[in-house]
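Step one of this worksheet: look at the structure below.
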Amino acid sequence: MSSLKRPPAHLPHDPDTDDDDQAIDPELRLRTVRTAHSAIAESINIVADARQTRRRRTFFRRRGEKERERKLEGGAPRPEGRRRNVYVNTPLPRGEVDAGGDPVVRYPRNKVRTTKYTILTFIPRNLYEQFRRIANLFFLTTVVVQLFPVFGAASGAVAVLPLAFILTATAIKDGVEDYRRGLLDEEVNNSPTTRLLLPPLHNPHLPSSTPDRPTGNPNPNLPRDGRSWVEKLLGLNRPGSVSKGVRNLRAREAKGELEGASESTLNVDARSVDVGGDTRSLASTAHSYPPPAVLDPDMRPGAAQWERTLWKKLEVGDIVLLREDEQVPADILVLATSDPDGNCYLETKNLDGETNLKLRKSLSATRGLSSAEEDVQRVRFVLDSEPPSQNLYLYHGVLRYRDFSAGAEGAYGGVRGTAGGGAEDRAEPVSINELLLRGCALRNTAWVVGLVVFTGADTKIMLNGGETPSKRSKIERETNFNVAVNFGVLLAMCVVDAIFSGLEDARTDTSARLFEQGTDPTTVYVLNALVTFVSCIIAFQNIIPISLYISIEIVKSIQAYFISQDIEMYYAGYDTPCVPKTWNISDDLGQIECAAFFH
């Protein structure tokens, strides 16, 4: 084997190199080598620990953990559920409507809720979360036991008071915290945005709807009356009516009282659009592209106009107008932008923490659209979209349309084009590069016209967030362990007392048989020992402090207040203080050793 080794290469001698080597401090060279060696060793240890952790998890991991690991390794799971068709200015086919002419598939509202409780679920769920604590379970058991006089308790009703106080105080704290979270949800849901208000669409499945007098829904993806039975009973939110929140928004904008809002509340500057939806103040870009192929030349411009509305009022199939620095209210497909090449830039730091801008582009079939209502009103196509998926980096869809620019003959969803040649049915693939995700911000782009594809709980940011969990801090977990240790000590003491009490009762050579007749609860020594055991638990219950958890809750509440009042955490640019949303884990901030800031 030695004959196969390559002899060392003889490099020419460089006297300058020797001078540089002699100029280097030997101590500095040694420290540099040690630093590099320690860095390499640390990286090797980190990789080894990660491998060992993965091996341990292979025996106990669940299906959800396998899915997450597969995503991290690059294998994206296929979205579950049925694909959805989003129709724009196109009546739904017979197979997608019910007997009344309404769509069979219903989509969630764009209103989101991150609160843990509702009015009906607050008491049972809060009690469940509180009794996950070992101490609360222990004191509940002692309270139940003290209701029986055989164990020698003074008054069972008095024993209930400390536990009831602790449960009530904790429930009030959790209720206030969840109420504040609900206020933030309302602030987001009531953020303003701009939507295209279309005239009624002809629905061939309704006898009352004719091409001359259409009575169908302007958005064919929605039912004519999608209200719940409670709203119908109370006469709320009638179709076509303007809600009180929208009226207040338009009134504030008309008076110029709507200030530029903070990025944390996801508000936008709405002064560039007046109440009636006029977009003349918006600079229009003259694209060099030919007229879009999705424009139907037979559709005459009607009463369509841009209107100001709230985020929670958006529905699947709505066409929206976004401005620079506005937040994206839903998962939106880019139809056209102010850029001649159809490009726009997205800031995704609310999703993945990255501050660098992401490039998004409009579809080729709709790239030549302008922001004028007359232009956007005439688009006609169908989007074949994948089901809602939580993958932030993948999306698959197909835009199906009839190319009216080539002339049309025949029907596509009941639509006829201009004479002068046969129109062609075309399809264009849609990827994540044409999708704007909810929670992102539009940057360096004057305007974007888009189509709402996913709303509310179906958006990617909400699917990744999931249900609001009940978080437990490190102190609370350690407290449960300490309480368990104290409980073990208590059990040991009670067992010893019960054993000696049973042995003492079994003796007949004492004066107890003469002076303590009838004092035992039963005539069976084993049962008497059990009664003594429970009585000792009641007598020694102070080993487990009942005020421990309530003291921690009070400290955490005060700590959350001081965090919100900390002037060092106040951002004057948006007039926004630090808002602690989960008081239970505020003490975990002390576990943070370093924080990285990227600009």
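For the structure tokens, the naming scheme is as follows: chains receive sequential letters (A, B, ...) according to their order of presentation, residues are indexed from 1 within each chain, and ligands are indexed from 1 in presentation order.
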**Request:** Tell me which protein, DNA and RNA residues are within 10 Å of Leu351 in chain A, counting only C-alpha atoms, leaving out same-chain ones fewer than 5 positions away, and put them as a VMD selection string.
**Result:** chain A and resid 392 437 to 440 460 to 461 464 to 465
Go ahead and save the residues from that selection, with C-alpha atoms, as an mmCIF file, in the first residue's frame.
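Written output follows (result04.cif):
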data_model
loop_
_atom_site.group_PDB
_atom_site.id
_atom_site.type_symbol
_atom_site.label_atom_id
_atom_site.label_comp_id
_atom_site.auth_asym_id
_atom_site.auth_seq_id
_atom_site.Cartn_x
_atom_site.Cartn_y
_atom_site.Cartn_z
ATOM 1 C CA LEU A 392 -45.888 28.042 2.834
ATOM 2 C CA LEU A 437 -50.224 35.022 1.570
ATOM 3 C CA ARG A 438 -52.256 36.554 4.354
ATOM 4 C CA GLY A 439 -50.196 38.511 6.865
ATOM 5 C CA CYS A 440 -47.527 39.578 4.385
ATOM 6 C CA LYS A 460 -51.792 29.188 5.159
ATOM 7 C CA ILE A 461 -50.913 31.365 8.149
ATOM 8 C CA ASN A 464 -49.812 26.759 10.441
ATOM 9 C CA GLY A 465 -50.955 28.482 13.614
#
Hey, could you make a per-residue contact list for range 531-562 of chain A against range 128-151 of chain A with 9 Å as the cut-off, showing the nearest pair of atoms and its distance in Å to one decimal, counting only C-alpha atoms, sorted by chain and number, as JSON lines?
{"residue": "A:Val531", "atom": "CA", "partner": "A:Phe151", "partner_atom": "CA", "distance": 6.3}
{"residue": "A:Thr532", "atom": "CA", "partner": "A:Phe151", "partner_atom": "CA", "distance": 7.7}
{"residue": "A:Val534", "atom": "CA", "partner": "A:Phe151", "partner_atom": "CA", "distance": 6.9}
{"residue": "A:Ser535", "atom": "CA", "partner": "A:Phe151", "partner_atom": "CA", "distance": 5.3}
{"residue": "A:Ile537", "atom": "CA", "partner": "A:Thr142", "partner_atom": "CA", "distance": 7.7}
{"residue": "A:Ile538", "atom": "CA", "partner": "A:Thr142", "partner_atom": "CA", "distance": 6.4}
{"residue": "A:Gln541", "atom": "CA", "partner": "A:Thr142", "partner_atom": "CA", "distance": 8.1}
{"residue": "A:Ile544", "atom": "CA", "partner": "A:Ala135", "partner_atom": "CA", "distance": 7.2}
{"residue": "A:Pro545", "atom": "CA", "partner": "A:Ala135", "partner_atom": "CA", "distance": 8.3}
{"residue": "A:Ile546", "atom": "CA", "partner": "A:Ala135", "partner_atom": "CA", "distance": 7.3}
{"residue": "A:Leu548", "atom": "CA", "partner": "A:Ala135", "partner_atom": "CA", "distance": 8.8}
{"residue": "A:Tyr549", "atom": "CA", "partner": "A:Ala135", "partner_atom": "CA", "distance": 8.2}
For C-alpha atoms, I'd like the residues from the last selection saved as an mmCIF file, in the first residue's frame.
data_model
loop_
_atom_site.group_PDB
_atom_site.id
_atom_site.type_symbol
_atom_site.label_atom_id
_atom_site.label_comp_id
_atom_site.auth_asym_id
_atom_site.auth_seq_id
_atom_site.Cartn_x
_atom_site.Cartn_y
_atom_site.Cartn_z
ATOM 1 C CA VAL A 531 -59.895 6.063 58.045
ATOM 2 C CA THR A 532 -56.785 7.119 59.952
ATOM 3 C CA VAL A 534 -57.438 9.740 55.130
ATOM 4 C CA SER A 535 -57.689 11.748 58.351
ATOM 5 C CA ILE A 537 -54.057 13.461 54.773
ATOM 6 C CA ILE A 538 -56.558 16.106 55.877
ATOM 7 C CA GLN A 541 -52.447 18.773 53.834
ATOM 8 C CA ILE A 544 -48.653 21.032 49.926
ATOM 9 C CA PRO A 545 -49.147 24.833 49.994
ATOM 10 C CA ILE A 546 -52.527 25.773 48.599
ATOM 11 C CA LEU A 548 -48.458 28.298 45.733
ATOM 12 C CA TYR A 549 -50.187 28.480 42.360
#
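Put simply, CA of Tyr525 in chain A is 24.5 Å away from CA of Gly488 in chain A.
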**Prompt:** If you count only C-alpha atoms, which residues fall within 8 Å of Arg360 in chain A, apart from same-chain ones fewer than 2 positions away, as a PyMOL selection string?
**Reply:** chain A and resi 343-346+358+362+433-436
Write the residues you've just listed into a file as a PDB file, in the first residue's frame, and include N, CA and C atoms for each of them.
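The resulting file, out_25.pdb, is reproduced below:
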ATOM      1  N   ASN A 343     -44.517  42.321 -11.994  1.00  0.00           N
ATOM      2  CA  ASN A 343     -43.833  41.906 -10.774  1.00  0.00           C
ATOM      3  C   ASN A 343     -44.334  42.708  -9.579  1.00  0.00           C
ATOM      4  N   CYS A 344     -44.239  42.111  -8.421  1.00  0.00           N
ATOM      5  CA  CYS A 344     -44.497  42.803  -7.157  1.00  0.00           C
ATOM      6  C   CYS A 344     -43.608  42.171  -6.095  1.00  0.00           C
ATOM      7  N   TYR A 345     -43.466  42.862  -4.975  1.00  0.00           N
ATOM      8  CA  TYR A 345     -42.533  42.426  -3.934  1.00  0.00           C
ATOM      9  C   TYR A 345     -43.287  42.274  -2.621  1.00  0.00           C
ATOM     10  N   LEU A 346     -42.969  41.196  -1.938  1.00  0.00           N
ATOM     11  CA  LEU A 346     -43.707  40.799  -0.746  1.00  0.00           C
ATOM     12  C   LEU A 346     -42.750  40.657   0.424  1.00  0.00           C
ATOM     13  N   LYS A 358     -39.636  39.100  -1.187  1.00  0.00           N
ATOM     14  CA  LYS A 358     -39.852  37.990  -2.116  1.00  0.00           C
ATOM     15  C   LYS A 358     -40.509  38.527  -3.386  1.00  0.00           C
ATOM     16  N   SER A 362     -47.532  38.377 -11.690  1.00  0.00           N
ATOM     17  CA  SER A 362     -48.911  38.158 -12.103  1.00  0.00           C
ATOM     18  C   SER A 362     -48.971  37.088 -13.182  1.00  0.00           C
ATOM     19  N   ASN A 433     -45.469  31.358  -6.776  1.00  0.00           N
ATOM     20  CA  ASN A 433     -44.904  32.630  -7.230  1.00  0.00           C
ATOM     21  C   ASN A 433     -45.977  33.630  -7.630  1.00  0.00           C
ATOM     22  N   GLU A 434     -47.205  33.180  -7.813  1.00  0.00           N
ATOM     23  CA  GLU A 434     -48.314  34.083  -8.149  1.00  0.00           C
ATOM     24  C   GLU A 434     -49.283  34.253  -6.991  1.00  0.00           C
ATOM     25  N   LEU A 435     -48.912  33.821  -5.793  1.00  0.00           N
ATOM     26  CA  LEU A 435     -49.822  33.849  -4.651  1.00  0.00           C
ATOM     27  C   LEU A 435     -49.274  34.751  -3.557  1.00  0.00           C
ATOM     28  N   LEU A 436     -50.118  35.651  -3.058  1.00  0.00           N
ATOM     29  CA  LEU A 436     -49.796  36.493  -1.910  1.00  0.00           C
ATOM     30  C   LEU A 436     -50.473  35.905  -0.686  1.00  0.00           C
TER      31      LEU A 436
END
**Message:** Need the shell around Val104 in chain A: protein/DNA/RNA residues with any atom at most 10 Å away, counting only C-alpha atoms. Skip same-chain ones fewer than 6 positions apart. Format as a list in words?
**Reply:**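 Counting only C-alpha atoms, the residues come to Gly95, Glu96, Val97, Asp98, Asn221, Leu222 and Pro223 of chain A.
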**Asked** Which distance in Å separates CA of Val188 in chain A and CA of Gln327 in chain A, to one decimal?
**Response**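 Answer for the CA of Val188 in chain A to CA of Gln327 in chain A separation: 10.4 Å.
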**Request:** Kindly indicate which residue among A:Asp458, A:Glu476, A:Glu568, A:Asp375 lies nearest to Asn391 in chain A, using only C-alpha atoms for the distances.
**Result:**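 Once distances to Asn391 in chain A are computed over only C-alpha atoms, the minimum belongs to A:Asp458.
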**Prompt:** When distances are computed from only C-alpha atoms, which of A:Val105, A:Leu120, A:Tyr561, A:Thr337 shows the smallest separation from Cys578 in chain A?
**Reply:**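 Of the candidates, the smallest distance to Cys578 in chain A is held by A:Tyr561.
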